[in-house]
Amino acid sequence: MDKILVFVPMYNCENQIVRVLKQITPEVQKRIHTVLVVDNGSKDNGREAAREGLKVITGCETRLIRNRQNVSLGGSHKVAFNYTLSNNFDYCIVLHGDDQADIADLIPYLDSGQYRSYDCFLGARFHHKSKLLGYSRFKTLGNHVLNFLISLVMLKWVKDMGSGINMYKSSYLKSKHYLKYPNDLTFNVFMLFHAYYLGATLHYFPITWREFDQVSNAKAFKQAKRILRLVVSYMAQKKWLFSDRETPEAQMKYDFDELFFQPVS
């Protein structure tokens with residue numbers, strides 16, 4: 001059985017984190033090793049809610065940690081990826097703490113072992129078999145247009161620029177290429193572009209995506225502009241973009257404090 005980490009990034013999602021942790025049912029617990037909740041300095045009662053939610057999970061190891069500084073969503077990914085490598089996990093599942101994605105969508109692939117064939121096994125909101133609940137037509141259309149433009153550049157069919165559920169093979173993360181990427185919401189886009197640049201094995205799977213009481217940190221037009229600028233950079237200087245250059249983000253310390261640990265009962 002593969003040693004699998006479920007990483008749950010969290011920031012000011014006190015109500016949603018409870019529902020996310022309820023997704024870690026006994027059926028899910030049998031297929032994973034550890035649930036790691038990474039709090040990025042929440043200002044609500046999310047940490048206490050997460051602690052109580054983790055106490056109920058007894059079929060796998062659970063941990064709650066807090067970043068020592070706010071490093072945004074990308075930085076929390078770096079903390080979890082570093083944790084994946086330093087603790088000899090085989091895979092890292094990313095499940096956002098805002099309860100938009102559902103880990104149950106991954107279970108059939110965990111059972112079949114299909115994920116083992118890929119470096120990046122990515123949930124896609126805009127897969128033709130996916131279900132979008134409460135997601136506006138405007139956002140759906142905008143994402144389809146953006147995905148189509150990116151597909152033309154990559155010469156590969158891009159079905160999502162970054163959803164709230166993904167799975168990465170630790171051997172793919174071993175070089176720690178992710179450390180030099182920005183910590184903001186473009187982090188997943190850099191990860192995706194780098195995968196295409198390297199020729200990594202990649203697969204999109206359909207998911208159920210809901211948007212009801214979640215508060216998105218992404219401003220649609222601002223995020224689209226950032227992505228389009230990144231596309232231009234990719235076309236003009238992709239070798240430089242993914243070279244072994246040092247960036248301010250790569251020099252940062254992604255330290256954390258452990259707030260809760262519960263072994264398998």
# chains A, B, ... in the order shown; residues from 1 in each chain; ligands from 1
>>> select_by_dssp(residues="range 25-218 of chain A", states="alpha helix (DSSP H)", output="PyMOL selection string")
chain A and resi 26-29+46-55+72-86+107-112+137-154+170-173+187-198
>>> residues_around(residues="Gly199 in chain A", least_positions_apart="6", cutoff="12 Å", atoms="only C-alpha atoms", output="number ranges by chain")
A: 118-120, 154-156, 172, 192-193
>>> closest_residue(among="A:Asp184, A:Asp102, A:Glu211, A:Asp2", to="Ser136 in chain A", atoms="only C-alpha atoms")
A:Glu211
>>> residues_around(residues="range 74-77 of chain A", least_positions_apart="2", cutoff="9 Å", atoms="only C-alpha atoms", output="number ranges by chain")
A: 7, 9-10, 38-40, 67, 70-72, 79-82, 94, 178-179, 181-188, 249, 254
>>> residues_around(residues="Arg125 in chain A", least_positions_apart="5", cutoff="12 Å", atoms="only C-alpha atoms", output="PDB file with N, CA and C atoms, in the first residue's frame")
ATOM      1  N   GLN A 100     -14.924  22.933  -1.517  1.00  0.00           N
ATOM      2  CA  GLN A 100     -15.440  23.014  -2.877  1.00  0.00           C
ATOM      3  C   GLN A 100     -15.261  21.687  -3.617  1.00  0.00           C
ATOM      4  N   ALA A 101     -14.239  20.942  -3.257  1.00  0.00           N
ATOM      5  CA  ALA A 101     -13.985  19.643  -3.877  1.00  0.00           C
ATOM      6  C   ALA A 101     -14.314  18.528  -2.889  1.00  0.00           C
ATOM      7  N   ASP A 102     -14.369  17.290  -3.402  1.00  0.00           N
ATOM      8  CA  ASP A 102     -14.731  16.138  -2.581  1.00  0.00           C
ATOM      9  C   ASP A 102     -13.738  15.013  -2.826  1.00  0.00           C
ATOM     10  N   ASP A 105     -14.258  11.701  -4.921  1.00  0.00           N
ATOM     11  CA  ASP A 105     -14.030  11.588  -6.366  1.00  0.00           C
ATOM     12  C   ASP A 105     -12.742  10.842  -6.687  1.00  0.00           C
ATOM     13  N   SER A 130     -17.429  16.269 -15.269  1.00  0.00           N
ATOM     14  CA  SER A 130     -17.489  16.940 -13.976  1.00  0.00           C
ATOM     15  C   SER A 130     -18.860  17.566 -13.741  1.00  0.00           C
ATOM     16  N   LYS A 131     -19.168  17.822 -12.470  1.00  0.00           N
ATOM     17  CA  LYS A 131     -20.421  18.464 -12.090  1.00  0.00           C
ATOM     18  C   LYS A 131     -20.105  19.766 -11.362  1.00  0.00           C
ATOM     19  N   LEU A 132     -20.668  20.862 -11.845  1.00  0.00           N
ATOM     20  CA  LEU A 132     -20.475  22.168 -11.227  1.00  0.00           C
ATOM     21  C   LEU A 132     -21.759  22.579 -10.524  1.00  0.00           C
ATOM     22  N   LEU A 133     -21.684  22.814  -9.228  1.00  0.00           N
ATOM     23  CA  LEU A 133     -22.851  23.176  -8.427  1.00  0.00           C
ATOM     24  C   LEU A 133     -22.673  24.587  -7.878  1.00  0.00           C
ATOM     25  N   TYR A 135     -21.794  27.183  -9.499  1.00  0.00           N
ATOM     26  CA  TYR A 135     -20.722  27.894 -10.196  1.00  0.00           C
ATOM     27  C   TYR A 135     -21.338  28.711 -11.324  1.00  0.00           C
ATOM     28  N   LYS A 139     -18.219  32.576 -14.867  1.00  0.00           N
ATOM     29  CA  LYS A 139     -16.946  31.969 -14.502  1.00  0.00           C
ATOM     30  C   LYS A 139     -16.655  30.737 -15.353  1.00  0.00           C
ATOM     31  N   THR A 140     -17.692  29.951 -15.602  1.00  0.00           N
ATOM     32  CA  THR A 140     -17.510  28.744 -16.407  1.00  0.00           C
ATOM     33  C   THR A 140     -17.041  29.100 -17.813  1.00  0.00           C
ATOM     34  N   ASN A 143     -13.406  30.460 -17.809  1.00  0.00           N
ATOM     35  CA  ASN A 143     -12.427  29.394 -17.637  1.00  0.00           C
ATOM     36  C   ASN A 143     -12.272  28.544 -18.892  1.00  0.00           C
ATOM     37  N   HIS A 144     -13.368  28.287 -19.578  1.00  0.00           N
ATOM     38  CA  HIS A 144     -13.284  27.505 -20.813  1.00  0.00           C
ATOM     39  C   HIS A 144     -12.449  28.248 -21.858  1.00  0.00           C
ATOM     40  N   ASN A 147      -8.774  28.161 -20.700  1.00  0.00           N
ATOM     41  CA  ASN A 147      -8.219  26.817 -20.884  1.00  0.00           C
ATOM     42  C   ASN A 147      -7.928  26.528 -22.356  1.00  0.00           C
ATOM     43  N   VAL A 158      -5.707  21.321 -22.002  1.00  0.00           N
ATOM     44  CA  VAL A 158      -5.710  21.749 -20.611  1.00  0.00           C
ATOM     45  C   VAL A 158      -7.158  21.848 -20.135  1.00  0.00           C
ATOM     46  N   LYS A 159      -7.514  21.092 -19.112  1.00  0.00           N
ATOM     47  CA  LYS A 159      -8.898  21.046 -18.651  1.00  0.00           C
ATOM     48  C   LYS A 159      -9.134  21.835 -17.371  1.00  0.00           C
ATOM     49  N   ASP A 160      -8.073  22.283 -16.742  1.00  0.00           N
ATOM     50  CA  ASP A 160      -8.219  23.124 -15.549  1.00  0.00           C
ATOM     51  C   ASP A 160      -6.866  23.731 -15.223  1.00  0.00           C
ATOM     52  N   MET A 161      -6.875  25.015 -14.853  1.00  0.00           N
ATOM     53  CA  MET A 161      -5.635  25.690 -14.483  1.00  0.00           C
ATOM     54  C   MET A 161      -5.278  25.482 -13.009  1.00  0.00           C
ATOM     55  N   GLY A 162      -6.152  24.806 -12.279  1.00  0.00           N
ATOM     56  CA  GLY A 162      -5.854  24.552 -10.872  1.00  0.00           C
ATOM     57  C   GLY A 162      -7.110  24.463 -10.030  1.00  0.00           C
ATOM     58  N   SER A 163      -7.511  23.254  -9.681  1.00  0.00           N
ATOM     59  CA  SER A 163      -8.699  23.068  -8.849  1.00  0.00           C
ATOM     60  C   SER A 163      -8.280  22.789  -7.409  1.00  0.00           C
ATOM     61  N   GLY A 164      -9.259  22.483  -6.564  1.00  0.00           N
ATOM     62  CA  GLY A 164      -8.987  22.274  -5.154  1.00  0.00           C
ATOM     63  C   GLY A 164      -8.714  20.843  -4.767  1.00  0.00           C
ATOM     64  N   ILE A 165      -8.494  19.965  -5.751  1.00  0.00           N
ATOM     65  CA  ILE A 165      -8.118  18.592  -5.436  1.00  0.00           C
ATOM     66  C   ILE A 165      -7.159  18.075  -6.500  1.00  0.00           C
ATOM     67  N   ASN A 166      -5.954  17.735  -6.066  1.00  0.00           N
ATOM     68  CA  ASN A 166      -4.910  17.237  -6.956  1.00  0.00           C
ATOM     69  C   ASN A 166      -4.075  16.199  -6.214  1.00  0.00           C
ATOM     70  N   TYR A 204      -6.033  14.317 -16.113  1.00  0.00           N
ATOM     71  CA  TYR A 204      -7.141  15.022 -15.478  1.00  0.00           C
ATOM     72  C   TYR A 204      -8.265  14.037 -15.184  1.00  0.00           C
ATOM     73  N   PHE A 205      -8.869  14.161 -14.006  1.00  0.00           N
ATOM     74  CA  PHE A 205     -10.028  13.329 -13.691  1.00  0.00           C
ATOM     75  C   PHE A 205     -11.220  14.220 -13.317  1.00  0.00           C
ATOM     76  N   PRO A 206     -12.439  13.750 -13.591  1.00  0.00           N
ATOM     77  CA  PRO A 206     -13.634  14.572 -13.329  1.00  0.00           C
ATOM     78  C   PRO A 206     -13.930  14.672 -11.839  1.00  0.00           C
ATOM     79  N   ILE A 207     -14.486  15.807 -11.443  1.00  0.00           N
ATOM     80  CA  ILE A 207     -14.802  16.045 -10.035  1.00  0.00           C
ATOM     81  C   ILE A 207     -16.169  16.707  -9.904  1.00  0.00           C
ATOM     82  N   THR A 208     -16.665  16.722  -8.683  1.00  0.00           N
ATOM     83  CA  THR A 208     -17.842  17.516  -8.327  1.00  0.00           C
ATOM     84  C   THR A 208     -17.341  18.774  -7.624  1.00  0.00           C
ATOM     85  N   TRP A 209     -17.773  19.929  -8.120  1.00  0.00           N
ATOM     86  CA  TRP A 209     -17.274  21.205  -7.598  1.00  0.00           C
ATOM     87  C   TRP A 209     -18.455  22.060  -7.169  1.00  0.00           C
ATOM     88  N   ARG A 210     -18.411  22.527  -5.932  1.00  0.00           N
ATOM     89  CA  ARG A 210     -19.532  23.313  -5.421  1.00  0.00           C
ATOM     90  C   ARG A 210     -19.066  24.687  -4.951  1.00  0.00           C
ATOM     91  N   GLU A 211     -19.922  25.654  -5.121  1.00  0.00           N
ATOM     92  CA  GLU A 211     -19.611  27.015  -4.692  1.00  0.00           C
ATOM     93  C   GLU A 211     -20.868  27.620  -4.093  1.00  0.00           C
TER      94      GLU A 211
END
>>> closest_residue(among="A:Leu21, A:Gln69, A:Tyr109, A:Ser170", to="Lys253 in chain A", atoms="only C-alpha atoms")
A:Gln69
>>> atom_distance(atom1="CA of Phe190 in chain A", atom2="CA of Tyr234 in chain A")
9.8 Å
>>> closest_residue(among="A:Leu149, A:Lys55, A:Phe260, A:Ala49", to="Leu228 in chain A", atoms="only C-alpha atoms")
A:Leu149
>>> closest_residue(among="A:Ile93, A:Leu85, A:Ala124, A:Val189", to="Lys174 in chain A", atoms="only C-alpha atoms")
A:Leu85
>>> atom_distance(atom1="CA of Lys169 in chain A", atom2="CA of His33 in chain A")
14.7 Å
>>> closest_residue(among="A:Phe256, A:Arg19, A:Ser175, A:Ile150", to="Leu230 in chain A", atoms="only C-alpha atoms")
A:Ile150
